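Asker: What follows is data.txt, compact mmCIF, C-alpha atoms.
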# COMPACT_ATOMS: atom_id res chain seq x y z
CA MET A 28 -5.14 -44.94 99.25
CA VAL A 29 -4.37 -42.68 96.29
CA SER A 30 -1.13 -43.25 94.44
CA LYS A 31 1.25 -40.46 93.43
CA LEU A 32 0.25 -41.19 89.83
CA GLY A 33 -3.41 -40.73 90.67
CA LYS A 34 -2.71 -37.45 92.43
CA LYS A 35 -0.68 -36.23 89.47
CA SER A 36 -3.44 -37.20 87.01
CA GLY A 37 -6.03 -35.41 89.10
CA ILE A 38 -3.96 -32.24 89.27
CA LEU A 39 -3.36 -32.30 85.51
CA GLY A 40 -7.06 -32.89 84.82
CA ALA A 41 -8.07 -29.97 87.04
CA ALA A 42 -5.53 -27.71 85.36
CA ALA A 43 -6.80 -28.65 81.91
CA ALA A 44 -10.39 -27.95 82.98
CA LEU A 45 -9.41 -24.53 84.33
CA ALA A 46 -7.52 -23.70 81.12
CA ALA A 47 -10.47 -24.72 78.94
CA ALA A 48 -13.05 -22.83 81.00
CA PRO A 49 -12.47 -19.36 79.44
CA VAL A 50 -12.62 -20.80 75.92
CA LEU A 51 -15.82 -22.69 76.71
CA ALA A 52 -17.38 -19.62 78.31
CA ALA A 53 -16.47 -17.44 75.31
CA THR A 54 -17.93 -20.03 72.93
CA MET A 55 -21.18 -20.22 74.89
CA THR A 56 -21.40 -16.40 75.04
CA ALA A 57 -20.85 -16.12 71.28
CA GLN A 58 -23.51 -18.75 70.61
CA ALA A 59 -25.95 -17.03 72.93
CA ALA A 60 -25.43 -13.54 71.43
CA PRO A 61 -28.52 -12.46 69.47
CA GLN A 62 -28.08 -12.18 65.73
CA PRO A 63 -28.99 -8.83 64.07
CA ALA A 64 -32.30 -8.87 62.25
CA PRO A 65 -32.04 -8.81 58.44
CA ALA A 66 -32.69 -5.44 56.81
CA PRO A 67 -36.29 -5.13 55.62
CA ALA A 68 -36.82 -5.47 51.88
CA PRO A 69 -37.63 -2.21 50.04
CA GLN A 70 -41.36 -1.55 49.72
CA ALA A 71 -42.40 -0.77 46.15
CA LEU A 72 -44.43 2.43 45.85
CA LEU A 73 -44.50 3.18 42.13
CA SER A 74 -43.28 1.55 38.91
CA CYS A 75 -43.14 3.14 35.45
CA ASP A 76 -41.66 2.81 31.98
CA LEU A 77 -38.68 5.10 31.42
CA SER A 78 -37.37 6.91 28.35
CA GLY A 79 -35.09 9.85 27.89
CA LYS A 80 -31.98 11.44 26.46
CA ALA A 81 -28.47 12.13 27.74
CA GLU A 82 -26.43 15.04 26.37
CA PHE A 83 -22.66 15.31 26.89
CA SER A 84 -20.51 18.41 27.27
CA PRO A 85 -17.87 18.11 25.98
CA ALA A 86 -18.89 15.41 23.49
CA LEU A 87 -17.69 11.90 24.31
CA SER A 88 -14.50 10.79 22.57
CA VAL A 89 -12.93 7.35 22.16
CA ASN A 90 -10.13 8.24 24.57
CA PRO A 91 -10.04 5.32 27.07
CA ALA A 92 -9.01 7.68 29.86
CA GLY A 93 -12.08 9.83 29.27
CA ALA A 94 -12.51 13.46 30.23
CA SER A 95 -14.32 15.41 32.91
CA THR A 96 -17.82 15.64 31.42
CA GLN A 97 -21.23 17.00 32.31
CA MET A 98 -24.08 14.71 31.33
CA LYS A 99 -27.48 16.40 31.18
CA VAL A 100 -30.36 13.96 31.45
CA SER A 101 -34.01 14.55 30.63
CA GLY A 102 -36.92 12.25 30.05
CA GLU A 103 -40.23 10.89 31.15
CA ALA A 104 -41.68 8.07 33.23
CA THR A 105 -45.01 6.83 31.83
CA GLY A 106 -47.52 4.05 32.41
CA CYS A 107 -47.03 4.45 36.14
CA GLU A 108 -48.70 2.01 38.55
CA GLY A 109 -48.93 2.96 42.21
CA GLN A 110 -48.75 0.42 45.01
CA SER A 111 -50.61 2.51 47.60
CA LYS A 112 -53.42 5.07 47.65
CA ARG A 113 -51.04 8.05 47.70
CA GLN A 114 -49.15 6.94 44.58
CA ASP A 115 -52.22 5.63 42.72
CA GLY A 116 -52.95 9.13 41.43
CA VAL A 117 -49.56 9.52 39.71
CA VAL A 118 -49.87 8.92 35.97
CA SER A 119 -46.47 10.14 34.78
CA ALA A 120 -43.37 12.10 35.70
CA LYS A 121 -40.82 14.27 33.90
CA PHE A 122 -37.26 14.59 35.09
CA SER A 123 -34.20 16.66 34.29
CA GLY A 124 -30.82 17.17 35.86
CA ALA A 125 -27.07 16.98 35.42
CA LEU A 126 -24.46 14.45 36.49
CA GLU A 127 -20.72 14.99 36.32
CA GLY A 128 -17.76 12.63 36.08
CA GLN A 129 -14.98 11.13 34.01
CA MET A 130 -16.30 9.40 30.89
CA SER A 131 -15.79 8.55 27.21
CA CYS A 132 -17.33 6.27 24.54
CA THR A 133 -15.18 3.39 25.75
CA SER A 134 -15.09 4.33 29.44
CA LEU A 135 -18.67 4.98 30.46
CA PRO A 136 -19.61 6.87 33.65
CA ARG A 137 -19.10 4.98 36.90
CA ASP A 138 -20.29 6.26 40.26
CA VAL A 139 -21.21 9.73 38.99
CA GLY A 140 -23.79 11.78 40.83
CA GLY A 141 -25.89 14.92 40.71
CA ASP A 142 -29.30 16.44 41.45
CA VAL A 143 -32.37 15.58 39.39
CA GLU A 144 -35.69 17.41 39.51
CA ILE A 145 -38.82 15.29 39.09
CA THR A 146 -42.26 16.71 38.24
CA TRP A 147 -45.12 14.34 39.05
CA THR A 148 -48.39 14.59 37.12
CA TYR A 149 -51.58 13.32 38.79
CA GLU A 150 -54.87 12.10 37.32
CA ASP A 151 -56.58 15.43 37.98
CA GLY A 152 -53.88 17.29 36.03
CA SER A 153 -52.13 18.75 39.07
CA THR A 154 -48.36 18.54 39.45
CA LYS A 155 -45.89 18.33 42.33
CA THR A 156 -42.11 18.31 42.33
CA SER A 157 -39.27 16.47 44.02
CA THR A 158 -35.52 16.93 44.05
CA ALA A 159 -33.42 13.79 44.33
CA ASP A 160 -29.73 13.00 44.39
CA PHE A 161 -28.97 10.35 41.77
CA ASN A 162 -25.94 8.11 41.37
CA LEU A 163 -25.33 6.46 37.97
CA ASN A 164 -23.25 3.46 36.88
CA MET A 165 -23.01 2.30 33.27
CA GLU A 166 -21.54 -0.84 31.72
CA GLY A 167 -20.42 -1.45 28.15
CA ASP A 168 -18.64 0.10 25.19
CA LEU A 169 -20.45 2.49 22.85
CA THR A 170 -18.05 1.65 20.02
CA ASN A 171 -19.07 -2.02 19.99
CA PRO A 172 -22.50 -2.36 18.29
CA SER A 173 -22.75 -6.07 19.10
CA GLU A 174 -22.85 -5.62 22.87
CA PRO A 175 -25.73 -3.93 24.77
CA VAL A 176 -24.89 -0.97 26.98
CA THR A 177 -26.69 -0.79 30.31
CA GLY A 178 -27.12 1.80 33.01
CA ALA A 179 -28.46 1.72 36.55
CA PHE A 180 -29.17 4.59 38.91
CA THR A 181 -30.19 4.92 42.54
CA GLY A 182 -31.19 7.97 44.52
CA SER A 183 -33.06 9.48 47.44
CA THR A 184 -35.49 12.37 47.64
CA THR A 185 -33.83 15.43 49.18
CA ASP A 186 -36.73 17.89 48.89
CA GLY A 187 -40.39 18.07 47.89
CA GLU A 188 -42.92 15.34 47.20
CA PHE A 189 -42.32 11.79 48.49
CA ALA A 190 -39.72 12.94 51.01
CA GLU A 191 -38.96 9.43 52.33
CA ALA A 192 -38.73 7.76 48.93
CA LYS A 193 -35.86 5.99 47.23
CA HIS A 194 -35.47 5.95 43.46
CA GLU A 195 -33.95 3.37 41.17
CA GLY A 196 -33.97 2.60 37.49
CA LYS A 197 -32.42 0.48 34.79
CA ALA A 198 -31.91 1.42 31.16
CA LYS A 199 -30.49 0.03 27.94
CA ILE A 200 -28.84 1.88 25.09
CA ASP A 201 -28.58 0.40 21.60
CA PRO A 202 -24.89 0.86 20.69
CA SER A 203 -25.67 0.69 16.98
CA SER A 204 -27.60 3.95 17.33
CA VAL A 205 -24.59 5.85 18.67
CA ALA A 206 -21.54 3.98 17.38
CA GLY A 207 -21.41 6.30 14.36
CA GLY A 208 -21.03 9.32 16.62
CA CYS A 209 -18.22 7.71 18.57
CA ALA A 210 -16.44 6.31 15.53
CA GLY A 211 -16.98 9.51 13.56
CA GLY A 212 -15.62 11.54 16.44
CA ALA A 213 -12.35 9.66 16.21
CA ILE A 214 -11.94 11.03 12.68
CA THR A 215 -13.56 14.46 12.85
CA GLY A 216 -12.95 15.22 16.52
CA SER A 217 -16.65 16.01 17.06
CA GLY A 218 -17.49 12.99 19.27
CA LEU A 219 -20.83 11.79 20.63
CA GLU A 220 -23.04 14.66 21.77
CA SER A 221 -26.19 12.78 22.87
CA MET A 222 -27.90 9.40 23.08
CA ALA A 223 -31.38 8.06 23.82
CA PHE A 224 -32.23 5.41 26.40
CA ASP A 225 -35.24 3.49 27.69
CA GLY A 226 -35.92 1.17 30.59
CA THR A 227 -37.82 0.96 33.86
CA TYR A 228 -38.16 3.17 36.92
CA GLU A 229 -39.24 2.29 40.46
CA MET A 230 -39.84 4.32 43.59
CA THR A 231 -39.48 2.48 46.88
CA LYS A 232 -39.56 3.18 50.60
Produce structure tokens that represent the structure in this file.

Answerer:
Amino acid sequence: MVSKLGKKSGILGAAAALAAAPVLAATMTAQAAPQPAPAPAPQALLSCDLSGKAEFSPALSVNPAGASTQMKVSGEATGCEGQSKRQDGVVSAKFSGALEGQMSCTSLPRDVGGDVEITWTYEDGSTKTSTADFNLNMEGDLTNPSEPVTGAFTGSTTDGEFAEAKHEGKAKIDPSSVAGGCAGGAITGSGLESMAFDGTYEMTK
């Protein structure tokens, strides 16, 4: 014989089980859902030493707000080492292009982009070209000679050789080599017209 208390407990237990069922089912579904596969790591195709020059128009001032500026870049990648048969023949590359954005000696370019043309030179002396869209970010203050200034760019081929390739590089600028131009510009109004850089370049897929 079942007491009223027993009946009541049974009813309450069944109700609790029914209420918990959707939560339990959702938890089991979430646990069973397949996790997305991690993105594959970039495959290195080519690595080189990098050196070049950046020219500013108008010249960079010490105005913290900066000004809309065109930065022409040109340089060379040398000592290249290919990671596959196709890139093994590349011995060097020359590049030139222009990036535009807000910048100054104390407010260096952040997230500025533009097209860069790359001319690849092969062991047999032949050349091929690529066009890539580059995006540049710099860190530091060109008026402080005690702190290194760094830059990093990324890009993708938009036309020509190595159509599926990605590009990236890192560079350092010695502030002591340009601080005079920035500091002098504050007095004369001329500003910093150009600076040299060097670093590393890598092409990936």

Asker: Could you jot down the CA of Gln97 in chain A to CA of Leu73 in chain A separation for me, Å, one decimal place?

Answerer: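 Those two atoms sit 28.8 Å apart.
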
Asker: Using all atoms listed in the file, find all polymer residues with an atom at most 12 Å away from the point (-6.7, 4.0, 23.8); report them as a PyMOL selection string.

Answerer: chain A and resi 88-93+131-134+213

Asker: Restricting the calculation to all atoms listed in the file: of A:Met98, A:Met222, A:Ala179, A:Ala159, which residue gets closest to Gln129 in chain A?

Answerer: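 Distance minimum relative to Gln129 in chain A lands on A:Met98.
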
Asker: Would you mind telling me which residue in A:Ala81, A:Cys75, A:Ala223, A:Leu87 lies nearest to Glu108 in chain A when using all atoms listed in the file?

Answerer: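 With all atoms listed in the file as the atom set, the closest residue is A:Cys75.
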
Asker: Figure out the distance between CA of Ser221 in chain A and CA of Ala86 in chain A, please, to one decimal in Å.

Answerer: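 Going from CA of Ala86 in chain A over to CA of Ser221 in chain A, I get 7.8 Å.
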
Asker: So how many Å separate CA of Pro202 in chain A and CA of Ala104 in chain A, to one decimal?

Answerer: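 Result for CA of Pro202 in chain A versus CA of Ala104 in chain A: 22.2 Å, one decimal.
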
Asker: To test the calculation: enclose all listed atoms of range 90-94 of chain A in a box whose edges run along x, y and z, add 6 Å on each side, then state centre and edge lengths in Å to one decimal, as AutoDock Vina command-line options.

Answerer:
--center_x -10.8 --center_y 9.4 --center_z 27.4 --size_x 15.5 --size_y 20.1 --size_z 17.7

Asker: Output range 115-140 of chain A with N, CA and C atoms present, as a tab-separated table (two decimals), in the frame of the given file.

Answerer:
chain	number	residue	atom	x	y	z
A	115	ASP	N	-51.29	6.04	43.76
A	115	ASP	CA	-52.22	5.63	42.72
A	115	ASP	C	-52.57	6.76	41.77
A	116	GLY	N	-52.57	8.00	42.26
A	116	GLY	CA	-52.95	9.13	41.43
A	116	GLY	C	-51.89	9.59	40.46
A	117	VAL	N	-50.64	9.11	40.59
A	117	VAL	CA	-49.56	9.52	39.71
A	117	VAL	C	-49.69	8.80	38.38
A	118	VAL	N	-49.76	9.55	37.29
A	118	VAL	CA	-49.87	8.92	35.97
A	118	VAL	C	-48.56	9.00	35.19
A	119	SER	N	-47.74	10.01	35.49
A	119	SER	CA	-46.47	10.14	34.78
A	119	SER	C	-45.56	11.09	35.55
A	120	ALA	N	-44.33	11.18	35.08
A	120	ALA	CA	-43.37	12.10	35.70
A	120	ALA	C	-42.36	12.53	34.65
A	121	LYS	N	-41.91	13.77	34.75
A	121	LYS	CA	-40.82	14.27	33.90
A	121	LYS	C	-39.63	14.58	34.79
A	122	PHE	N	-38.44	14.36	34.27
A	122	PHE	CA	-37.26	14.59	35.09
A	122	PHE	C	-36.17	15.26	34.26
A	123	SER	N	-35.35	16.02	34.94
A	123	SER	CA	-34.20	16.66	34.29
A	123	SER	C	-33.15	16.95	35.35
A	124	GLY	N	-31.89	16.90	34.93
A	124	GLY	CA	-30.82	17.17	35.86
A	124	GLY	C	-29.47	17.02	35.19
A	125	ALA	N	-28.42	17.09	35.96
A	125	ALA	CA	-27.07	16.98	35.42
A	125	ALA	C	-26.20	16.17	36.36
A	126	LEU	N	-25.42	15.26	35.77
A	126	LEU	CA	-24.46	14.45	36.49
A	126	LEU	C	-23.07	14.75	35.94
A	127	GLU	N	-22.07	14.67	36.78
A	127	GLU	CA	-20.72	14.99	36.32
A	127	GLU	C	-19.73	13.92	36.71
A	128	GLY	N	-18.78	13.63	35.79
A	128	GLY	CA	-17.76	12.63	36.08
A	128	GLY	C	-16.85	12.40	34.89
A	129	GLN	N	-15.93	11.49	35.05
A	129	GLN	CA	-14.98	11.13	34.01
A	129	GLN	C	-15.62	10.10	33.10
A	130	MET	N	-15.65	10.35	31.80
A	130	MET	CA	-16.30	9.40	30.89
A	130	MET	C	-15.85	9.58	29.45
A	131	SER	N	-16.06	8.52	28.65
A	131	SER	CA	-15.79	8.55	27.21
A	131	SER	C	-16.65	7.46	26.56
A	132	CYS	N	-16.56	7.31	25.24
A	132	CYS	CA	-17.33	6.27	24.54
A	132	CYS	C	-16.93	4.88	25.00
A	133	THR	N	-15.66	4.70	25.34
A	133	THR	CA	-15.18	3.39	25.75
A	133	THR	C	-15.02	3.25	27.26
A	134	SER	N	-15.18	4.34	27.98
A	134	SER	CA	-15.09	4.33	29.44
A	134	SER	C	-16.29	5.08	29.98
A	135	LEU	N	-17.40	4.36	30.11
A	135	LEU	CA	-18.67	4.98	30.46
A	135	LEU	C	-18.70	5.40	31.93
A	136	PRO	N	-19.60	6.33	32.28
A	136	PRO	CA	-19.61	6.87	33.65
A	136	PRO	C	-19.82	5.80	34.71
A	137	ARG	N	-18.99	5.87	35.76
A	137	ARG	CA	-19.10	4.98	36.90
A	137	ARG	C	-19.15	5.82	38.17
A	138	ASP	N	-20.16	5.57	38.97
A	138	ASP	CA	-20.29	6.26	40.26
A	138	ASP	C	-20.27	7.78	40.10
A	139	VAL	N	-21.09	8.28	39.15
A	139	VAL	CA	-21.21	9.73	38.99
A	139	VAL	C	-22.56	10.17	39.55
A	140	GLY	N	-22.58	11.34	40.16
A	140	GLY	CA	-23.79	11.78	40.83
A	140	GLY	C	-24.17	13.21	40.52
